[in-house]
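For reference, query-v7.cif (mmCIF, C-alpha atoms):
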```cif
data_my_file
loop_
_atom_site.label_atom_id
_atom_site.label_comp_id
_atom_site.auth_asym_id
_atom_site.auth_seq_id
_atom_site.Cartn_x
_atom_site.Cartn_y
_atom_site.Cartn_z
CA MET A 1 24.24 21.72 -2.10
CA ARG A 2 26.65 19.08 -0.80
CA LYS A 3 25.28 15.57 -0.51
CA ILE A 4 24.57 14.22 2.96
CA PHE A 5 26.91 11.34 2.21
CA GLU A 6 28.49 9.73 -0.82
CA LYS A 7 28.85 6.11 -1.83
CA LYS A 8 32.38 6.11 -0.46
CA ASP A 9 31.06 7.12 2.96
CA ALA A 10 28.49 4.32 2.84
CA ASP A 11 31.12 1.73 1.86
CA PHE A 12 33.46 3.02 4.55
CA THR A 13 30.73 2.81 7.20
CA GLU A 14 30.00 -0.76 6.15
CA ALA A 15 33.68 -1.77 6.43
CA TYR A 16 34.04 0.10 9.72
CA SER A 17 30.98 -1.61 11.14
CA ARG A 18 32.30 -5.04 10.16
CA TYR A 19 35.95 -4.69 11.23
CA TYR A 20 36.07 -2.06 13.98
CA ALA A 21 35.82 -4.54 16.84
CA VAL A 22 38.30 -6.94 15.21
CA VAL A 23 40.94 -4.22 14.73
CA TYR A 24 40.33 -2.75 18.17
CA GLY A 25 40.57 -6.18 19.81
CA ALA A 26 43.80 -7.03 17.97
CA LEU A 27 45.37 -3.72 18.99
CA TYR A 28 44.21 -4.09 22.56
CA SER A 29 45.67 -7.59 22.84
CA ARG A 30 49.05 -6.19 21.69
CA THR A 31 49.12 -3.00 23.77
CA GLY A 32 46.90 -3.83 26.75
CA ASP A 33 45.85 -0.16 26.75
CA PRO A 34 42.21 0.51 25.73
CA ASP A 35 42.80 4.26 25.12
CA ALA A 36 45.84 3.66 22.94
CA ALA A 37 43.97 0.89 21.11
CA GLU A 38 41.07 3.28 20.45
CA ASP A 39 43.34 6.02 19.10
CA MET A 40 45.21 3.59 16.89
CA THR A 41 41.97 2.05 15.61
CA GLN A 42 40.84 5.51 14.54
CA GLU A 43 44.17 6.06 12.79
CA VAL A 44 43.87 2.72 10.95
CA PHE A 45 40.41 3.60 9.66
CA ILE A 46 41.41 7.13 8.65
CA ARG A 47 44.20 5.64 6.54
CA PHE A 48 41.77 3.08 5.18
CA PHE A 49 39.37 5.83 4.08
CA ASN A 50 42.14 7.59 2.18
CA LYS A 51 43.27 4.38 0.45
CA MET A 52 39.96 2.54 0.13
CA GLU A 53 40.22 2.13 -3.62
CA GLU A 54 43.51 0.23 -3.24
CA ALA A 55 42.22 -2.28 -0.70
CA VAL A 56 41.16 -5.48 -2.45
CA ASN A 57 40.97 -7.60 0.69
CA VAL A 58 39.72 -5.13 3.31
CA ARG A 59 40.48 -7.33 6.32
CA ALA A 60 44.04 -8.06 5.21
CA TRP A 61 44.62 -4.40 4.33
CA LEU A 62 43.40 -3.29 7.75
CA LEU A 63 45.60 -5.80 9.60
CA VAL A 64 48.73 -4.76 7.68
CA THR A 65 47.96 -1.08 8.31
CA MET A 66 47.34 -1.95 11.94
CA LYS A 67 50.86 -3.33 12.21
CA ASN A 68 52.29 -0.16 10.65
CA VAL A 69 50.33 2.03 13.07
CA LEU A 70 51.47 -0.17 15.93
CA TYR A 71 55.07 0.17 14.79
CA GLU A 72 54.75 3.98 14.74
CA HIS A 73 53.18 3.85 18.18
CA TYR A 74 56.08 1.87 19.63
CA ARG A 75 58.63 4.10 17.95
CA LYS A 76 57.12 7.53 18.72
CA VAL A 77 55.07 7.06 21.86
CA LYS A 78 57.10 4.33 23.55
CA ASN A 79 60.40 5.73 22.20
CA MET A 80 61.58 2.30 21.13
CA PRO A 81 64.49 1.94 18.72
CA ASP A 82 63.39 1.16 15.16
CA GLU A 83 64.44 -2.47 15.20
CA LEU A 84 62.73 -3.20 18.49
CA ALA A 85 59.58 -1.35 17.49
CA GLU A 86 59.46 -3.29 14.24
CA ALA A 87 60.03 -6.57 16.05
CA GLU A 88 57.22 -5.79 18.51
CA ALA A 89 54.78 -4.68 15.87
CA MET A 90 55.42 -7.22 13.17
CA SER A 91 56.20 -10.31 15.16
CA ASP A 92 53.63 -13.00 15.54
CA VAL A 93 53.95 -14.44 19.03
CA SER A 94 52.64 -17.81 18.06
CA LEU A 95 55.15 -18.34 15.25
CA THR A 96 58.10 -17.50 17.47
CA PHE A 97 56.66 -19.69 20.15
CA VAL A 98 59.08 -22.57 19.92
CA ASN A 99 57.58 -25.46 21.73
CA GLY A 100 57.55 -28.09 19.06
CA PHE A 101 54.09 -27.27 17.73
CA ARG A 102 54.94 -24.62 15.18
CA ASP A 103 53.85 -26.79 12.25
CA THR A 104 50.50 -27.43 13.89
CA ARG A 105 50.02 -23.71 14.35
CA ILE A 106 50.68 -23.11 10.67
CA ILE A 107 48.10 -25.77 9.76
CA ILE A 108 45.58 -24.11 12.10
CA ASP A 109 46.28 -20.76 10.43
CA HIS A 110 45.66 -22.30 7.04
CA ALA A 111 42.43 -23.85 8.29
CA VAL A 112 41.28 -20.45 9.49
CA GLU A 113 42.37 -18.74 6.27
CA ALA A 114 40.17 -21.22 4.41
CA ILE A 115 37.14 -19.35 5.80
CA THR A 116 36.52 -17.17 2.75
CA ASP A 117 33.12 -15.66 3.50
CA THR A 118 33.71 -12.24 5.07
CA THR A 119 30.82 -12.51 7.53
CA ASP A 120 31.91 -16.00 8.60
CA ARG A 121 35.47 -14.76 9.06
CA SER A 122 34.24 -11.86 11.18
CA ILE A 123 32.17 -14.25 13.28
CA PHE A 124 35.22 -16.46 13.76
CA ASP A 125 37.45 -13.48 14.68
CA LEU A 126 34.96 -12.17 17.19
CA VAL A 127 33.67 -15.39 18.77
CA ALA A 128 36.63 -17.76 18.57
CA VAL A 129 39.59 -15.38 18.68
CA GLN A 130 38.36 -12.46 20.79
CA ASN A 131 35.79 -14.24 22.99
CA TYR A 132 32.79 -12.09 22.06
CA THR A 133 29.47 -13.68 22.97
CA TYR A 134 26.98 -14.66 20.26
CA GLU A 135 24.78 -11.76 21.36
CA GLU A 136 27.59 -9.20 21.20
CA THR A 137 28.69 -10.51 17.81
CA ALA A 138 25.12 -10.32 16.50
CA GLY A 139 24.88 -6.67 17.59
CA LEU A 140 28.23 -5.81 16.00
CA LEU A 141 27.54 -7.49 12.67
CA GLY A 142 23.83 -6.70 12.38
CA ILE A 143 22.61 -10.30 12.25
CA SER A 144 20.54 -12.31 14.69
CA ARG A 145 22.06 -14.21 17.62
CA ARG A 146 20.58 -17.43 16.27
CA GLN A 147 22.25 -16.86 12.92
CA VAL A 148 25.62 -16.22 14.61
CA LYS A 149 25.32 -19.42 16.61
CA TYR A 150 24.32 -21.47 13.57
CA ARG A 151 27.07 -20.04 11.34
CA TYR A 152 29.69 -20.44 14.03
CA GLY A 153 28.77 -24.12 14.33
CA LEU A 154 29.35 -24.54 10.59
CA ILE A 155 32.68 -22.68 10.80
CA VAL A 156 33.90 -24.94 13.62
CA ARG A 157 32.96 -28.01 11.61
CA GLN A 158 34.76 -26.61 8.56
CA VAL A 159 37.98 -25.94 10.50
CA LEU A 160 37.96 -29.35 12.13
CA GLU A 161 37.32 -31.05 8.79
CA TYR A 162 40.27 -29.16 7.32
CA LEU A 163 42.48 -30.42 10.11
CA HIS A 164 41.24 -33.99 9.49
CA GLN A 165 42.11 -33.62 5.82
CA LYS A 166 45.62 -32.55 6.81
CA GLY A 167 46.09 -35.78 8.65
CA ILE A 168 45.16 -34.70 12.16
CA ARG A 169 42.78 -37.53 12.97
CA ASN A 170 42.50 -36.98 16.68
CA ILE A 171 42.29 -33.33 17.75
CA GLU A 172 42.57 -34.27 21.43
CA ASP A 173 46.14 -35.40 20.78
CA LEU A 174 47.07 -31.79 20.00
CA LEU A 175 45.75 -30.49 23.26
CA MET B 1 28.49 -29.58 18.32
CA ILE B 2 29.25 -28.13 21.77
CA ALA B 3 32.06 -30.68 22.10
CA ASP B 4 33.51 -29.59 18.74
CA ILE B 5 33.35 -25.93 19.78
CA LYS B 6 35.15 -26.67 23.04
CA LEU B 7 37.73 -28.71 21.16
CA LEU B 8 38.48 -25.90 18.73
CA GLN B 9 38.51 -23.31 21.50
CA GLY B 10 41.11 -25.36 23.36
CA LEU B 11 43.16 -25.66 20.19
CA LEU B 12 43.04 -21.91 19.49
CA GLU B 13 44.06 -21.07 23.02
CA LYS B 14 46.90 -23.55 23.11
CA TYR B 15 48.35 -22.41 19.80
CA ARG B 16 47.93 -18.73 20.62
CA VAL B 17 45.41 -18.02 17.90
CA ALA B 18 43.01 -16.72 20.51
CA GLU B 19 43.43 -13.12 21.66
CA PRO B 20 40.65 -12.84 24.25
CA VAL B 21 39.31 -9.39 24.94
CA PRO B 22 38.08 -8.79 28.53
CA ALA B 23 34.34 -8.23 29.02
CA ALA B 24 34.83 -4.61 30.14
CA VAL B 25 36.76 -3.80 26.96
CA ARG B 26 34.16 -5.55 24.82
CA VAL B 27 31.46 -3.41 26.41
CA ARG B 28 33.59 -0.34 25.71
CA VAL B 29 34.03 -1.36 22.06
CA ILE B 30 30.29 -1.87 21.55
CA ALA B 31 29.31 1.32 23.36
CA GLY B 32 31.90 3.53 21.66
CA ARG B 33 31.51 2.23 18.13
CA ARG B 34 29.27 5.00 16.80
CA ARG B 35 31.08 7.75 18.73
CA ASN B 36 34.41 6.64 17.26
CA LEU B 37 33.00 6.59 13.74
CA VAL B 38 31.68 10.12 14.22
CA GLU B 39 35.13 11.23 15.40
CA ILE B 40 36.76 9.60 12.39
CA LEU B 41 34.31 11.23 9.98
CA LYS B 42 34.87 14.59 11.66
CA LYS B 43 38.64 14.22 11.25
CA LEU B 44 38.05 13.35 7.59
CA ASP B 45 35.71 16.35 7.23
CA ARG B 46 32.90 14.05 6.07
CA TYR B 47 30.55 14.54 9.00
CA ASN B 48 27.34 16.55 9.14
CA PRO B 49 24.50 16.44 11.70
CA LEU B 50 22.12 14.79 9.27
CA LEU B 51 24.63 11.99 8.67
CA GLY B 52 24.92 11.73 12.45
CA ALA B 53 21.17 11.15 12.72
CA ILE B 54 21.29 8.54 9.94
CA LEU B 55 24.18 6.78 11.71
CA LEU B 56 22.05 6.65 14.84
CA VAL B 57 19.39 4.75 12.89
CA TYR B 58 22.07 2.58 11.22
CA PHE B 59 23.62 1.44 14.49
CA LEU B 60 20.23 1.00 16.12
CA PHE B 61 19.31 -1.50 13.40
CA LYS B 62 22.66 -3.26 13.83
CA LYS B 63 22.08 -3.51 17.55
CA LEU B 64 18.70 -5.11 16.87
CA GLY B 65 20.43 -7.68 14.68
CA LEU B 66 19.13 -6.23 11.42
CA SER B 67 21.52 -5.87 8.53
CA VAL B 68 20.85 -2.58 6.74
CA SER B 69 23.05 -0.36 4.63
CA LEU B 70 23.64 3.33 5.26
CA ILE B 71 21.42 4.16 2.29
CA GLN B 72 18.57 2.02 3.66
CA SER B 73 19.00 3.71 7.04
CA ALA B 74 18.76 7.10 5.33
CA ILE B 75 15.52 6.04 3.60
CA VAL B 76 14.06 4.85 6.90
CA PHE B 77 15.19 8.05 8.64
CA PHE B 78 13.65 10.37 6.03
CA THR B 79 10.43 8.34 5.83
CA VAL B 80 9.98 8.41 9.61
CA THR B 81 10.83 12.11 9.70
CA ALA B 82 8.35 12.90 6.90
CA ILE B 83 5.58 10.92 8.61
CA SER B 84 6.33 12.64 11.94
CA VAL B 85 6.34 16.11 10.38
CA ALA B 86 3.10 15.37 8.51
CA GLY B 87 1.51 14.07 11.71
CA VAL B 88 2.57 17.07 13.76
CA THR B 89 1.47 19.50 11.03
CA THR B 90 -1.93 17.84 10.65
CA GLY B 91 -2.39 17.72 14.42
CA SER B 92 -1.46 21.38 14.77
CA TYR B 93 -3.78 22.35 11.93
CA ILE B 94 -6.71 20.47 13.47
CA ALA B 95 -5.99 21.95 16.90
CA VAL B 96 -5.73 25.52 15.57
CA LYS B 97 -8.85 25.05 13.45
CA ARG B 98 -10.82 23.84 16.48
CA ILE B 99 -9.60 26.75 18.56
CA MET B 100 -10.51 29.19 15.82
CA ASP B 101 -13.95 27.61 15.36
CA LYS B 102 -14.70 27.86 19.05
CA ALA B 103 -13.21 31.28 19.74
CA PRO B 104 -15.91 33.52 18.10
CA GLN B 105 -18.72 31.80 20.01
CA VAL B 106 -16.96 32.29 23.30
CA GLU B 107 -16.36 35.93 22.54
CA LEU B 108 -19.92 36.38 21.38
CA GLN B 109 -21.35 34.79 24.49
CA LYS B 110 -19.19 37.07 26.58
CA ASP B 111 -20.30 39.99 24.47
CA LEU B 112 -23.93 39.02 24.88
CA THR B 113 -23.54 38.68 28.64
CA ASP B 114 -22.08 42.18 28.80
CA LYS B 115 -24.84 43.58 26.67
CA THR B 116 -27.72 41.88 28.50
CA ALA B 117 -26.44 43.52 31.65
CA THR B 118 -27.48 46.87 30.18
CA ALA B 119 -30.99 48.35 30.34
CA GLU B 120 -32.25 47.50 26.83
CA PRO B 121 -31.55 43.85 26.16
CA LYS B 122 -33.76 43.56 23.06
CA VAL B 123 -31.99 46.40 21.31
CA THR B 124 -28.43 45.62 22.38
CA ASP B 125 -28.98 41.93 21.69
CA LYS B 126 -28.97 42.64 17.98
CA PRO B 127 -25.63 42.89 16.23
CA GLU B 128 -24.68 46.24 14.77
CA SER B 129 -24.83 44.86 11.27
CA ILE B 130 -28.53 44.09 11.64
CA LYS B 131 -29.25 47.41 13.23
CA ALA B 132 -27.73 49.14 10.27
CA ASN B 133 -29.61 46.73 8.00
CA ASP B 134 -26.54 46.27 5.81
CA GLU B 135 -25.78 43.22 3.66
CA SER B 136 -22.51 42.19 5.29
CA THR B 137 -22.34 38.80 7.04
CA PRO B 138 -23.39 39.29 10.64
CA VAL B 139 -21.68 37.64 13.57
CA LEU B 140 -23.72 34.49 14.09
CA ARG B 141 -25.57 34.29 17.34
CA ASP B 142 -25.76 31.21 19.46
CA VAL B 143 -29.36 30.46 18.42
CA LYS B 144 -31.27 27.58 19.92
CA ASN B 145 -34.21 27.06 17.59
CA VAL B 146 -33.71 25.15 14.38
CA ILE B 147 -36.23 26.12 11.69
CA TYR B 148 -37.53 23.60 9.22
CA LEU B 149 -38.33 25.60 6.11
CA GLN B 150 -40.85 24.25 3.63
CA PRO B 151 -41.04 25.62 0.07
CA PHE B 152 -43.62 28.42 -0.19
CA ASP B 153 -46.97 27.86 -1.89
CA GLY B 154 -48.46 30.27 -4.39
CA THR B 155 -51.78 31.64 -5.58
CA ASN B 156 -51.93 33.38 -8.99
CA ALA B 157 -48.17 33.89 -8.72
CA GLN B 158 -45.71 32.45 -11.19
CA GLY B 159 -43.50 29.56 -10.10
CA GLY B 160 -40.35 31.65 -10.63
CA ASP B 161 -41.57 34.39 -8.27
CA ILE B 162 -42.50 31.84 -5.59
CA ALA B 163 -39.11 30.15 -5.87
CA LEU B 164 -37.37 33.54 -5.71
CA VAL B 165 -39.18 34.48 -2.48
CA SER B 166 -38.61 31.05 -0.96
CA SER B 167 -34.91 30.91 -1.78
CA THR B 168 -34.27 34.53 -0.71
CA ILE B 169 -35.86 33.90 2.68
CA GLN B 170 -33.89 30.69 3.05
CA ARG B 171 -30.57 32.37 2.17
CA GLU B 172 -31.22 35.28 4.48
CA LEU B 173 -32.14 32.98 7.37
CA VAL B 174 -28.98 30.96 6.78
CA ARG B 175 -26.99 34.19 6.79
CA LEU B 176 -28.59 35.39 10.00
CA ARG B 177 -28.80 32.15 11.93
CA GLY B 178 -26.17 29.87 10.47
CA VAL B 179 -26.53 26.94 8.13
CA LYS B 180 -26.87 24.46 11.00
CA ASN B 181 -30.08 26.12 12.16
CA ILE B 182 -31.98 26.07 8.89
CA VAL B 183 -33.25 22.78 7.56
CA THR B 184 -34.82 22.61 4.14
CA GLY B 185 -36.28 20.03 1.76
CA LYS B 186 -38.62 17.18 2.29
CA ALA B 187 -36.70 15.48 5.03
CA SER B 188 -38.95 13.93 7.61
CA GLY B 189 -38.36 13.24 11.25
CA GLN B 190 -36.21 16.34 11.67
CA SER B 191 -35.16 17.34 15.12
CA SER B 192 -36.37 20.89 14.39
CA ARG B 193 -39.33 22.01 16.41
CA LEU B 194 -40.21 25.09 14.38
CA LEU B 195 -41.86 24.85 11.01
CA LEU B 196 -41.84 27.79 8.58
CA LEU B 197 -44.70 27.84 6.07
CA GLY B 198 -45.46 30.54 3.57
CA THR B 199 -47.55 31.58 0.59
CA VAL B 200 -47.13 34.09 -2.21
CA ARG B 201 -50.37 35.55 -3.61
CA LYS B 202 -50.61 37.91 -6.52
CA HIS B 203 -53.30 40.58 -7.12
CA ASP B 204 -52.69 42.61 -10.24
CA THR B 205 -49.19 44.01 -9.80
CA LEU B 206 -48.97 43.47 -6.06
CA TYR B 207 -47.69 40.44 -4.22
CA ALA B 208 -48.74 39.45 -0.68
CA ILE B 209 -46.17 37.33 1.06
CA SER B 210 -47.38 35.54 4.16
CA ALA B 211 -45.22 33.54 6.51
CA LYS B 212 -45.93 31.76 9.75
CA VAL B 213 -43.76 29.84 12.17
CA ILE B 214 -45.52 26.95 13.86
CA ASP B 215 -44.34 25.10 16.95
CA SER B 216 -44.69 21.48 15.84
CA ASP B 217 -44.86 20.23 19.43
CA THR B 218 -47.76 22.39 20.57
CA GLY B 219 -49.31 23.32 17.22
CA ARG B 220 -49.21 26.96 18.31
CA ILE B 221 -48.31 29.71 15.85
CA ARG B 222 -45.17 31.38 17.21
CA PHE B 223 -45.05 34.14 14.66
CA ALA B 224 -47.03 35.21 11.62
CA THR B 225 -46.77 38.15 9.28
CA THR B 226 -47.77 39.36 5.82
CA GLU B 227 -45.86 41.81 3.68
CA GLU B 228 -46.79 43.48 0.41
CA ALA B 229 -44.33 43.78 -2.43
CA LYS B 230 -44.08 44.79 -6.05
CA SER B 231 -42.29 42.66 -8.59
CA ASP B 232 -39.12 44.77 -8.30
CA SER B 233 -39.06 44.66 -4.51
CA LEU B 234 -39.66 40.94 -4.03
CA ILE B 235 -36.06 40.26 -2.90
CA LEU B 236 -35.92 43.24 -0.55
CA ILE B 237 -39.23 42.38 1.11
CA SER B 238 -38.26 38.69 1.36
CA LYS B 239 -35.08 39.65 3.22
CA LYS B 240 -37.04 41.92 5.54
CA LEU B 241 -39.47 39.10 6.21
CA ALA B 242 -36.63 36.68 7.00
CA LYS B 243 -35.16 39.16 9.44
CA GLU B 244 -38.52 39.61 11.17
CA ILE B 245 -38.92 35.84 11.46
CA SER B 246 -35.43 35.45 12.87
CA ASP B 247 -35.88 38.24 15.39
CA ASN B 248 -39.26 37.08 16.62
CA ILE B 249 -38.79 33.41 17.26
CA GLU B 250 -36.09 33.65 19.91
#
```
Take the structure in the file and give it back as structure tokens.
Amino acid sequence: MRKIFEKKDADFTEAYSRYYAVVYGALYSRTGDPDAAEDMTQEVFIRFFNKMEEAVNVRAWLLVTMKNVLYEHYRKVKNMPDELAEAEAMSDVSLTFVNGFRDTRIIIDHAVEAITDTTDRSIFDLVAVQNYTYEETAGLLGISRRQVKYRYGLIVRQVLEYLHQKGIRNIEDLL
Amino acid sequence: MIADIKLLQGLLEKYRVAEPVPAAVRVRVIAGRRRNLVEILKKLDRYNPLLGAILLVYFLFKKLGLSVSLIQSAIVFFTVTAISVAGVTTGSYIAVKRIMDKAPQVELQKDLTDKTATAEPKVTDKPESIKANDESTPVLRDVKNVIYLQPFDGTNAQGGDIALVSSTIQRELVRLRGVKNIVTGKASGQSSRLLLLGTVRKHDTLYAISAKVIDSDTGRIRFATTEEAKSDSLILISKKLAKEISDNIE
């Protein structure tokens, strides 16, 4: 008799549960179409299931795959030429945003990348980047609201300390 | 802390790190999370209804802010299912048993009502098995009088013979009237009103078995009889005596 589920299914469900909202939110912010974002999110996770063994950093793997799926979406569905589709999918708006603060943005990215704990990074992605409430984040990650609030406070302190270390003494000056 | 959070939020928004998702879309993401996973698993041919039920438990725990793995959810699911099945089975068994325990009495009462409507109540009142005087277990009647049976006394008779008569009468009364309606031993303060006393006397090869049923409230003898028996017919006569007692005290 076939098993109800295998370890791979359990690991996949765990990764899905942790990153589904992050991937969906990132796709939605790029397409502005919830249906397309949902379809593409499914496609990203189907590819992830088939290549799970290769993914060392699950979050990074999912975001790279997301860009590939987005590229295919622009090319096939939106009928964009290859170059344009690639530019749309791969470009990072903030890094092409030439307003004199590019270096600061890179430092911020590094500060965020310094969050190594996967749960903390998910909390940051959901609360800080995608504007999920503490309650919504708690429900998505399977931890209590109080824990989300507490951990988010520590993450904020960590990021700000990183910026201080990089010589940004007064954050208000950047705003 | 709130000031720090606002500071960082402003920084993330200004430098385009923030990608805010509208509230309606967030609600859609949360509501459709399990459905989308099921669709993905179906496309991957990994889905089965049992896994669907386990996923329901898994996401319910997540929603409650409890971090559990799929395996833990499966354990919870199967434990709850087993307890529910055991509960339902036990409940059903108890219900069926009660119905089955009650059913014969109801039928018997109906049967008795039908029979008492006929001309000869005393004859028709008796079950067929007793009429035929066979040894099979009769259908128990809804008797009212509980008999308190005391061990028989003896004169010239051996202890074994007395015990044989006493136990045979007791067994036969239990068979005819039900175990609830026969009380034995030295228990005092019994709720039974009727007291069965008896003696076994021996003259040469003959035994005289006497029994009387006394109403303990009034002191009146409700029934008394004496039967003669030989040593090889002690059991038969004891059974006959028990049947007479049972028939005559109602």
Would you give me, as a tab-separated table, each residue of chain B having an atom within 8 Å of an atom of chain A, along with its shortest atom pair and that distance in Å to one decimal, using only C-alpha atoms and sorting by chain and residue number?
```
residue	atom	partner	partner_atom	distance
B:Met1	CA	A:Gly153	CA	6.8
B:Asp4	CA	A:Val156	CA	6.9
B:Ile5	CA	A:Val156	CA	6.3
B:Leu7	CA	A:Ile171	CA	7.3
B:Leu8	CA	A:Val156	CA	6.9
B:Gln9	CA	A:Ala128	CA	6.6
B:Gly10	CA	A:Leu175	CA	6.9
B:Leu11	CA	A:Leu175	CA	6.3
B:Leu12	CA	A:Val129	CA	7.4
B:Lys14	CA	A:Leu175	CA	7.0
B:Tyr15	CA	A:Arg105	CA	5.8
B:Arg16	CA	A:Ser94	CA	5.4
B:Val17	CA	A:Val129	CA	6.4
B:Ala18	CA	A:Val129	CA	4.1
B:Glu19	CA	A:Gln130	CA	5.2
B:Pro20	CA	A:Gln130	CA	4.2
B:Val21	CA	A:Gln130	CA	5.2
B:Val25	CA	A:Pro34	CA	7.1
B:Arg26	CA	A:Tyr132	CA	7.2
B:Val29	CA	A:Ala21	CA	6.4
B:Ile30	CA	A:Leu140	CA	7.1
B:Arg33	CA	A:Tyr20	CA	7.5
B:Asn36	CA	A:Gln42	CA	7.1
B:Leu37	CA	A:Tyr16	CA	7.7
B:Ile40	CA	A:Gln42	CA	6.2
B:Leu44	CA	A:Ile46	CA	7.1
B:Arg46	CA	A:Phe5	CA	7.6
B:Asn48	CA	A:Ile4	CA	7.2
B:Leu50	CA	A:Ile4	CA	6.8
B:Leu51	CA	A:Ile4	CA	6.1
B:Phe61	CA	A:Gly142	CA	7.0
B:Lys62	CA	A:Gly142	CA	3.9
B:Lys63	CA	A:Gly139	CA	4.2
B:Leu64	CA	A:Gly139	CA	6.4
B:Gly65	CA	A:Ile143	CA	4.2
B:Leu66	CA	A:Gly142	CA	4.8
B:Ser67	CA	A:Gly142	CA	4.6
B:Val68	CA	A:Gly142	CA	7.6
B:Ser69	CA	A:Glu14	CA	7.1
B:Leu70	CA	A:Ala10	CA	5.5
B:Ile71	CA	A:Ala10	CA	7.1
```
Let me make sure I understand: among A:Asn57, A:Ser122, A:Asn79, A:Gln165, which one has the smallest atom-to-atom distance to His110 in chain A if we use only C-alpha atoms?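 Selected residue with least distance to His110 in chain A: A:Gln165.
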Evaluating the PyMOL selection byres ((chain B and resi 169) around 10) on the displayed file yields which residues, as an MDAnalysis selection string? chainID B and resid 149 152 163:168 170:175 235:243 245
Put those residues in a file: C-alpha atoms, as a tab-separated table (two decimals), keeping the file's coordinate frame.
```
chain	number	residue	atom	x	y	z
B	149	LEU	CA	-38.33	25.60	6.11
B	152	PHE	CA	-43.62	28.42	-0.19
B	163	ALA	CA	-39.11	30.15	-5.87
B	164	LEU	CA	-37.37	33.54	-5.71
B	165	VAL	CA	-39.18	34.48	-2.48
B	166	SER	CA	-38.61	31.05	-0.96
B	167	SER	CA	-34.91	30.91	-1.78
B	168	THR	CA	-34.27	34.53	-0.71
B	170	GLN	CA	-33.89	30.69	3.05
B	171	ARG	CA	-30.57	32.37	2.17
B	172	GLU	CA	-31.22	35.28	4.48
B	173	LEU	CA	-32.14	32.98	7.37
B	174	VAL	CA	-28.98	30.96	6.78
B	175	ARG	CA	-26.99	34.19	6.79
B	235	ILE	CA	-36.06	40.26	-2.90
B	236	LEU	CA	-35.92	43.24	-0.55
B	237	ILE	CA	-39.23	42.38	1.11
B	238	SER	CA	-38.26	38.69	1.36
B	239	LYS	CA	-35.08	39.65	3.22
B	240	LYS	CA	-37.04	41.92	5.54
B	241	LEU	CA	-39.47	39.10	6.21
B	242	ALA	CA	-36.63	36.68	7.00
B	243	LYS	CA	-35.16	39.16	9.44
B	245	ILE	CA	-38.92	35.84	11.46
```
Point-to-point distance from CA of His203 in chain B to CA of Arg220 in chain B, Å rounded to tenths: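 It comes out at 29.1 Å.
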What separation in Å, quoted to one decimal, exists between CA of Glu72 in chain A and CA of Ala55 in chain A?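 CA of Ala55 in chain A lies at a distance of 20.8 Å from CA of Glu72 in chain A.
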To one decimal place in Å, what is the distance between CA of Gly52 in chain B and CA of Arg59 in chain A?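 If I compute the distance from CA of Gly52 in chain B to CA of Arg59 in chain A, I get 25.4 Å.
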Looking at A:Val23, A:Met52, A:Ala37, A:Leu70, which one is nearest to Leu84 in chain A, with distances taken over only C-alpha atoms?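 Distance minimum relative to Leu84 in chain A lands on A:Leu70.
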Can you list, as a ChimeraX atom specification, the residues that the PyMOL selection byres ((chain B and resi 211) around 10) selects here? /B:152,196-200,208-210,212-214,223-227,241-242,245
With 8 Å of padding per side, what axis-aligned box (centre and edge lengths, Å, one decimal) covers all the listed atoms of range 154-162 of chain A? Give it as JSON.
```
{"center_x": 34.8, "center_y": -26.9, "center_z": 10.5, "size_x": 26.9, "size_y": 24.4, "size_z": 22.3}
```
Report as a list in words the residues that result from applying the PyMOL selection byres ((chain B and resi 182) around 6) to the structure here.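 Selection result, ordered by chain and number: Val146, Ile147, Val179, Lys180, Asn181 and Val183 of chain B.
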Shortest interatomic distance to Ile75 in chain B - which of B:Val88, B:Ala157, B:Ile99, B:Val57, counting only C-alpha atoms: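 Among the listed residues, B:Val57 lies closest to Ile75 in chain B.
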Extract, using only C-alpha atoms, all DNA, RNA and protein residues at most 10 Å from Lys202 in chain B, discarding same-chain residues fewer than 6 positions from it, and format them as a list in words.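 My list of contacting residues is Gly154, Thr155, Asn156, Ala157, Gln158, Asp161, Ala208, Ile209, Glu228, Ala229, Lys230 and Ser231 of chain B.
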The selected residues should be written to file as a PDB file, in the coordinates of the input (atoms: C-alpha atoms).
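Here's the written file result33.pdb:
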```pdb
ATOM      1  CA  GLY B 154     -48.460  30.270  -4.390  1.00  0.00           C
ATOM      2  CA  THR B 155     -51.780  31.640  -5.580  1.00  0.00           C
ATOM      3  CA  ASN B 156     -51.930  33.380  -8.990  1.00  0.00           C
ATOM      4  CA  ALA B 157     -48.170  33.890  -8.720  1.00  0.00           C
ATOM      5  CA  GLN B 158     -45.710  32.450 -11.190  1.00  0.00           C
ATOM      6  CA  ASP B 161     -41.570  34.390  -8.270  1.00  0.00           C
ATOM      7  CA  ALA B 208     -48.740  39.450  -0.680  1.00  0.00           C
ATOM      8  CA  ILE B 209     -46.170  37.330   1.060  1.00  0.00           C
ATOM      9  CA  GLU B 228     -46.790  43.480   0.410  1.00  0.00           C
ATOM     10  CA  ALA B 229     -44.330  43.780  -2.430  1.00  0.00           C
ATOM     11  CA  LYS B 230     -44.080  44.790  -6.050  1.00  0.00           C
ATOM     12  CA  SER B 231     -42.290  42.660  -8.590  1.00  0.00           C
TER      13      SER B 231
END
```
So that I can check the surroundings of Tyr74 in chain A, please list as a ChimeraX atom specification every protein, DNA and RNA residue that reaches within 12 Å of it, counting only C-alpha atoms and ignoring chain neighbours fewer than 3 positions away. /A:30-31,36,40,67-71,77-90
